[in-house]
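All remarks here apply to the structure that follows.
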2 protein chains.
Amino acid sequence: MTASRNQDRTGFPPVIENASAQGRIVLVCEHASNRIPPRWGDLGLSEAQRRAHIAWDPGALGLARGLARHLDAVLVHAPVSRLVYDCNRAPDMAGAMPARSEIHDIPGNATITPEERAARTAEIYIPFHDGLHAVLMDRIARGLHPALITIHSFTPVYFGKPRAVEFGVIHDADDTLPRAILAEAQARTRLRAELNEPYSARDDVTHTLRLHATPYALPNAMLEVRNDLIATPEAEAAMAATLAPVLAAAMATLTPEPV
Amino acid sequence: MTASRNQDRTGFPPVIENASAQGRIVLVCEHASNRIPPRWGDLGLSEAQRRAHIAWDPGALGLARGLARHLDAVLVHAPVSRLVYDCNRAPDMAGAMPARSEIHDIPGNATITPEERAARTAEIYIPFHDGLHAVLMDRIARGLHPALITIHSFTPVYFGKPRAVEFGVIHDADDTLPRAILAEAQARTRLRAELNEPYSARDDVTHTLRLHATPYALPNAMLEVRNDLIATPEAEAAMAATLAPVLAAAMATLTPEPV
C-alpha cells in the first residue's frame, strides 16, 4: 500500500493510500487522527482527553486500512484531530471547531475569531475536501464508477448511557447502498446492526456524503463501528475481515451494474 | 476591481474579481470565455464556430462584471471554453466535453480517451471548482452568509427555433431565491421573464448549484439572459443596471435575515 501527499497544496491535505486501487469503493476516514499540530498547542486538554474519542475515531483508520486491502480500495484520511477542525462539518456548523464535545469543554475552542475560523477552514477543511474531490473526479473521468463509503467509530458509552448497537449504517439522500449493506450484515455476521444508529443525517453527520456523493449520484454510505470492537490491531483486522465481504456483497447488488 | 489567480494551483484556475467584496452574493460565470488553450488546437472548428454561443455564453462575463460592481459582489469565472471542458457539467456527463453542440460537430471531441478525459478534468474542472469552493468556504467561515448566483446567456435561435423568453431564472433543490428574483423581475422590469426557461434542472444545467450551494443550504439561483440583449458593452451595462436592483430586492426578501 502506497501513501502520498499532494505536494503543491498548502495546509494539511489528506493522506491518500492505495491510490492505484482498481476497486469501485473509495474509503474515507475524516476522524482518522488525534494529531494536534503545534500551532494549536494542546487546546487546553489533558493527554487523556487528547487520546479519547472526542479527538478522533479510535480504530477507524486501522479498520479502513484493512478494508482497503480486502476490497482493493483507495483510502483518503484526514491527518488532523477533529477538535481542531472536524472535516465532516461545514465551516458554519458548531461541530466544525467544537467548544464542547460530549461532556468535555474544549478551552482552545471557547472563543474563535472569524479570522481564526477562516484560517482553520483554509488549512484543514479545504485541502481535505479538495484532495478527496480530486480522487473521486479522476475516477469518474476514467469510468471507474466510484462509490463513497466513510468509516467511523463511536464510543460504547455516551453521556453515561451504554449503546447496544455495534454496527451502524447511515444514509444521506440515497439509501440504496446503506440498506444493502445492512441486509448483508444481518445475513452474514452476528453484529447487532442498525440503520441510522447511533446517528442519522438529521444530526448533520453526513456532510462528506452530501458534498461528494449526492451531487454526482454516487452510491454512498456512512459506517459506524462501536470502538470497543476495534480496540486493538488484531480486532481491527478481524472486523475488516468480517465487513469486507459484507461491503463486496452489497456493492454487487447495485443495479444497473456499470459496464 | 482587482483580479487574482491562485498561483499555487496547476491547470486553469478560475479568475476571481472583486475578491474583497462585502456583499453576500457570489457571482459565477462558468461560460465566460471562448479561449481554447494551445494544447487543444482549434478542436477542428472554424473561427466563426469558436466565436459562437457553442463555445461560451456571449455577454455573460460583461453582465456579471456589471452586476459585481452594482452589488459589491465577488465574481468567479472560468478562463477556458466550455468546448474543452464545460465546468457546469460533471466529468461523466456527455456535455462536459461535448462531441456535438446544437447543430455543430466538435471534431476534437469526437473520441476522447479515458486518460484525456481525466487530464481535462484535472486541468480545468477541478481547479475551477476548488477555486470557487475556497471563495465560498472562506465567506461562510467569516460569517458573510454567501448566496450563489450563476450568470449565463442563451442563443435567441436554437435548432432553428426562435425563443421568446428574455430572462430565465432556474432553480435547483431550493426555489426560494429564484422565485423571489422572478417576482422582482416581473414587478420592476419589462423583460419577458420565466421560471426554469429555456432550461431547467432536469436538463442537468444546475451542476454548480448542486455542488456548491445545495450541500451548504446557501441561497442560490441560475440566471439566463438572451444574448441578443447583451450583445455590446453598452447593452451589458444597461442589463446590469436593470438586473442589479432585481437581485438586491430579491436578496432582501430572504428570511431569516442573517445578523
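Order determines the names: the first chain of the C-alpha cells is A, the second B, and so forth; residues in each chain are numbered 1 upward, and ligands are numbered 1 upward as they are shown.
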Interface rows for chain B against chain A: nearest pair, Å to one decimal, 6 Å, only C-alpha atoms, as a tab-separated table:
```
residue	atom	partner	partner_atom	distance
B:Pro91	CA	A:Ala141	CA	5.1
B:Asp92	CA	A:Ala141	CA	5.9
B:Pro114	CA	A:Arg142	CA	4.7
B:Arg117	CA	A:Ala141	CA	5.6
B:Ala118	CA	A:Ala141	CA	5.0
B:Asp138	CA	A:Ala118	CA	5.5
B:Ala141	CA	A:Ala118	CA	5.0
B:Arg142	CA	A:Pro114	CA	4.7
B:Arg210	CA	A:Pro215	CA	5.7
B:Leu211	CA	A:Pro215	CA	5.7
B:Pro215	CA	A:Arg210	CA	5.7
```
Selection to disk with C-alpha atoms, as a compact mmCIF listing (two decimals), in the first residue's frame:
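In the end it all went to out-v4.txt:
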```txt
# COMPACT_ATOMS: atom_id res chain seq x y z
CA PRO B 91 -16.84 14.54 -15.69
CA ASP B 92 -19.18 11.68 -16.65
CA PRO B 114 -10.20 8.00 -20.52
CA ARG B 117 -10.91 12.87 -20.08
CA ALA B 118 -9.03 12.62 -16.76
CA ASP B 138 -13.87 31.50 3.37
CA ALA B 141 -16.24 30.81 7.88
CA ARG B 142 -16.19 34.60 8.26
CA ARG B 210 -25.83 21.27 -6.68
CA LEU B 211 -22.16 21.10 -5.90
CA PRO B 215 -24.94 20.92 0.40
```
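By chain and then residue number, the residues within 8 Å of B:Ala221 are Leu148, Ile149, Thr150, Val169, Ile170, His171, Asp172, Asp175, Leu177, Pro178 and Leu209 of chain B, counting only C-alpha atoms and disregarding those fewer than 4 positions away in sequence.
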Those same residues, written as a JSON list (two decimals), in the first residue's frame with N, CA and C atoms?
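Now in again.json:
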```
[["chain", "number", "residue", "atom", "x", "y", "z"],
["B", 148, "LEU", "N", -25.23, 32.13, -3.82],
["B", 148, "LEU", "CA", -24.56, 31.80, -5.07],
["B", 148, "LEU", "C", -25.50, 32.06, -6.25],
["B", 149, "ILE", "N", -25.06, 32.91, -7.19],
["B", 149, "ILE", "CA", -25.85, 33.19, -8.39],
["B", 149, "ILE", "C", -24.96, 33.00, -9.61],
["B", 150, "THR", "N", -25.38, 32.10, -10.51],
["B", 150, "THR", "CA", -24.60, 31.86, -11.72],
["B", 150, "THR", "C", -25.25, 32.62, -12.88],
["B", 169, "VAL", "N", -34.97, 32.26, -14.98],
["B", 169, "VAL", "CA", -34.49, 32.06, -13.61],
["B", 169, "VAL", "C", -34.69, 30.59, -13.28],
["B", 170, "ILE", "N", -33.60, 29.91, -12.98],
["B", 170, "ILE", "CA", -33.62, 28.45, -12.87],
["B", 170, "ILE", "C", -33.25, 28.05, -11.46],
["B", 171, "HIS", "N", -34.00, 27.09, -10.92],
["B", 171, "HIS", "CA", -33.69, 26.65, -9.56],
["B", 171, "HIS", "C", -33.22, 25.21, -9.52],
["B", 172, "ASP", "N", -32.48, 24.90, -8.46],
["B", 172, "ASP", "CA", -32.12, 23.51, -8.16],
["B", 172, "ASP", "C", -33.06, 23.06, -7.03],
["B", 175, "ASP", "N", -36.08, 26.58, -4.31],
["B", 175, "ASP", "CA", -36.55, 27.59, -5.28],
["B", 175, "ASP", "C", -36.84, 28.95, -4.64],
["B", 177, "LEU", "N", -34.95, 31.69, -3.55],
["B", 177, "LEU", "CA", -34.35, 32.86, -4.19],
["B", 177, "LEU", "C", -34.77, 32.98, -5.65],
["B", 178, "PRO", "N", -34.78, 31.90, -6.45],
["B", 178, "PRO", "CA", -35.25, 32.05, -7.84],
["B", 178, "PRO", "C", -36.66, 32.62, -7.94],
["B", 209, "LEU", "N", -24.73, 24.71, -8.89],
["B", 209, "LEU", "CA", -25.58, 24.94, -7.72],
["B", 209, "LEU", "C", -25.62, 23.70, -6.82]]
```
Any chance you could list, as a ChimeraX atom specification, the residues in stretch 77-206 of chain A that come up strand (DSSP E) when DSSP is run on the backbone?
/A:77,100-101,104-105,147-154,157-158,161-162,167-170,193-195
Stretch 8-252 of chain B: residues DSSP assigns to helix (DSSP H, G or I), reported as a ChimeraX atom specification:
/B:38-40,47-51,60-71,94-96,107-109,114-141,176-188,201-203,207-212,214-216,227-230,233-252
Write out the residues from the selection above, keeping C-alpha atoms, as an mmCIF file, in the first residue's frame.
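Okay, result.cif is ready:
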```cif
data_model
loop_
_atom_site.group_PDB
_atom_site.id
_atom_site.type_symbol
_atom_site.label_atom_id
_atom_site.label_comp_id
_atom_site.auth_asym_id
_atom_site.auth_seq_id
_atom_site.Cartn_x
_atom_site.Cartn_y
_atom_site.Cartn_z
ATOM 1 C CA PRO B 38 -2.907 25.918 -27.499
ATOM 2 C CA ARG B 39 -2.617 22.280 -26.499
ATOM 3 C CA TRP B 40 -6.149 21.693 -27.780
ATOM 4 C CA GLU B 47 -13.155 30.730 -36.342
ATOM 5 C CA ALA B 48 -16.874 31.541 -36.645
ATOM 6 C CA GLN B 49 -17.762 28.433 -34.648
ATOM 7 C CA ARG B 50 -15.188 29.331 -31.994
ATOM 8 C CA ARG B 51 -16.846 32.756 -31.628
ATOM 9 C CA ALA B 60 -22.367 36.833 -19.708
ATOM 10 C CA LEU B 61 -18.995 37.978 -18.374
ATOM 11 C CA GLY B 62 -19.678 41.639 -19.138
ATOM 12 C CA LEU B 63 -23.087 41.393 -17.477
ATOM 13 C CA ALA B 64 -21.581 39.622 -14.466
ATOM 14 C CA ARG B 65 -18.891 42.279 -14.107
ATOM 15 C CA GLY B 66 -21.533 44.992 -14.136
ATOM 16 C CA LEU B 67 -23.574 43.156 -11.511
ATOM 17 C CA ALA B 68 -20.458 42.660 -9.374
ATOM 18 C CA ARG B 69 -19.887 46.429 -9.362
ATOM 19 C CA HIS B 70 -23.507 47.321 -8.578
ATOM 20 C CA LEU B 71 -23.876 44.673 -5.850
ATOM 21 C CA ALA B 94 -21.785 13.900 -22.142
ATOM 22 C CA GLY B 95 -21.856 17.707 -22.124
ATOM 23 C CA ALA B 96 -18.612 18.016 -20.162
ATOM 24 C CA PRO B 107 -14.212 17.096 -34.234
ATOM 25 C CA GLY B 108 -11.611 17.482 -31.450
ATOM 26 C CA ASN B 109 -14.029 15.854 -29.018
ATOM 27 C CA PRO B 114 -10.204 7.998 -20.524
ATOM 28 C CA GLU B 115 -6.710 9.465 -19.979
ATOM 29 C CA GLU B 116 -7.581 12.630 -21.920
ATOM 30 C CA ARG B 117 -10.908 12.869 -20.081
ATOM 31 C CA ALA B 118 -9.035 12.617 -16.756
ATOM 32 C CA ALA B 119 -6.436 15.167 -17.913
ATOM 33 C CA ARG B 120 -9.029 17.799 -18.896
ATOM 34 C CA THR B 121 -10.866 17.137 -15.630
ATOM 35 C CA ALA B 122 -7.650 17.661 -13.654
ATOM 36 C CA GLU B 123 -6.571 20.753 -15.605
ATOM 37 C CA ILE B 124 -9.867 22.627 -15.908
ATOM 38 C CA TYR B 125 -12.803 21.219 -13.922
ATOM 39 C CA ILE B 126 -11.040 20.513 -10.619
ATOM 40 C CA PRO B 127 -9.150 23.843 -10.338
ATOM 41 C CA PHE B 128 -12.319 25.757 -11.217
ATOM 42 C CA HIS B 129 -14.411 24.125 -8.527
ATOM 43 C CA ASP B 130 -11.610 24.113 -5.944
ATOM 44 C CA GLY B 131 -11.233 27.847 -6.502
ATOM 45 C CA LEU B 132 -14.956 28.546 -6.190
ATOM 46 C CA HIS B 133 -15.215 26.260 -3.146
ATOM 47 C CA ALA B 134 -12.402 28.143 -1.401
ATOM 48 C CA VAL B 135 -14.110 31.508 -2.001
ATOM 49 C CA LEU B 136 -17.411 30.239 -0.609
ATOM 50 C CA MET B 137 -15.892 28.443 2.401
ATOM 51 C CA ASP B 138 -13.872 31.498 3.372
ATOM 52 C CA ARG B 139 -17.029 33.596 3.296
ATOM 53 C CA ILE B 140 -19.022 31.026 5.267
ATOM 54 C CA ALA B 141 -16.241 30.806 7.876
ATOM 55 C CA THR B 176 -36.788 30.391 -2.684
ATOM 56 C CA LEU B 177 -34.348 32.862 -4.185
ATOM 57 C CA PRO B 178 -35.252 32.049 -7.837
ATOM 58 C CA ARG B 179 -38.958 32.713 -7.185
ATOM 59 C CA ALA B 180 -38.092 35.983 -5.436
ATOM 60 C CA ILE B 181 -35.901 37.051 -8.361
ATOM 61 C CA LEU B 182 -38.655 36.188 -10.841
ATOM 62 C CA ALA B 183 -41.236 38.178 -8.881
ATOM 63 C CA GLU B 184 -38.970 41.218 -8.654
ATOM 64 C CA ALA B 185 -38.089 40.991 -12.367
ATOM 65 C CA GLN B 186 -41.770 40.881 -13.303
ATOM 66 C CA ALA B 187 -42.541 43.810 -10.977
ATOM 67 C CA ARG B 188 -39.572 46.010 -11.819
ATOM 68 C CA ALA B 201 -32.544 21.329 -13.515
ATOM 69 C CA ARG B 202 -33.905 18.321 -15.414
ATOM 70 C CA ASP B 203 -31.513 19.257 -18.231
ATOM 71 C CA HIS B 207 -24.410 21.258 -11.544
ATOM 72 C CA THR B 208 -22.598 24.226 -9.983
ATOM 73 C CA LEU B 209 -25.582 24.941 -7.723
ATOM 74 C CA ARG B 210 -25.835 21.269 -6.682
ATOM 75 C CA LEU B 211 -22.160 21.104 -5.896
ATOM 76 C CA HIS B 212 -21.639 24.364 -4.029
ATOM 77 C CA THR B 214 -27.284 22.805 -2.013
ATOM 78 C CA PRO B 215 -24.938 20.923 0.398
ATOM 79 C CA TYR B 216 -24.401 24.115 2.424
ATOM 80 C CA ASN B 227 -27.684 37.003 -25.685
ATOM 81 C CA ASP B 228 -29.083 39.441 -28.284
ATOM 82 C CA LEU B 229 -29.964 41.677 -25.307
ATOM 83 C CA ILE B 230 -26.336 41.862 -24.132
ATOM 84 C CA PRO B 233 -20.622 46.559 -23.830
ATOM 85 C CA GLU B 234 -23.329 49.237 -23.584
ATOM 86 C CA ALA B 235 -26.084 46.635 -23.621
ATOM 87 C CA GLU B 236 -24.265 44.579 -20.987
ATOM 88 C CA ALA B 237 -24.012 47.650 -18.761
ATOM 89 C CA ALA B 238 -27.672 48.520 -19.287
ATOM 90 C CA MET B 239 -28.776 44.974 -18.436
ATOM 91 C CA ALA B 240 -26.592 45.012 -15.307
ATOM 92 C CA ALA B 241 -28.261 48.278 -14.263
ATOM 93 C CA THR B 242 -31.677 46.682 -14.858
ATOM 94 C CA LEU B 243 -30.997 43.433 -13.028
ATOM 95 C CA ALA B 244 -28.921 44.656 -10.069
ATOM 96 C CA PRO B 245 -31.952 46.175 -8.260
ATOM 97 C CA VAL B 246 -33.902 42.994 -9.032
ATOM 98 C CA LEU B 247 -31.274 40.835 -7.334
ATOM 99 C CA ALA B 248 -30.872 43.241 -4.414
ATOM 100 C CA ALA B 249 -34.626 43.303 -3.807
ATOM 101 C CA ALA B 250 -34.838 39.507 -4.039
ATOM 102 C CA MET B 251 -31.993 39.083 -1.550
ATOM 103 C CA ALA B 252 -33.793 41.434 0.844
#
```
Set the distance at 6 Å and use only C-alpha atoms: which residues neighbour B:Ile25 once local chain neighbours fewer than 6 positions away are removed? I'd like the list as a list in words.
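Skipping anything fewer than 6 positions along the chain leaves Ala73, Pro146, Ala147 and Leu148 of chain B.
Between B:Thr255 and the residues B:Pro162, B:Gly41, B:Pro219, B:Pro198, the shortest atom-to-atom distance, using only C-alpha atoms, involves B:Pro219.
Put simply, atom CA of A:Ser200 is 13.2 Å away from atom CA of A:Asn88.
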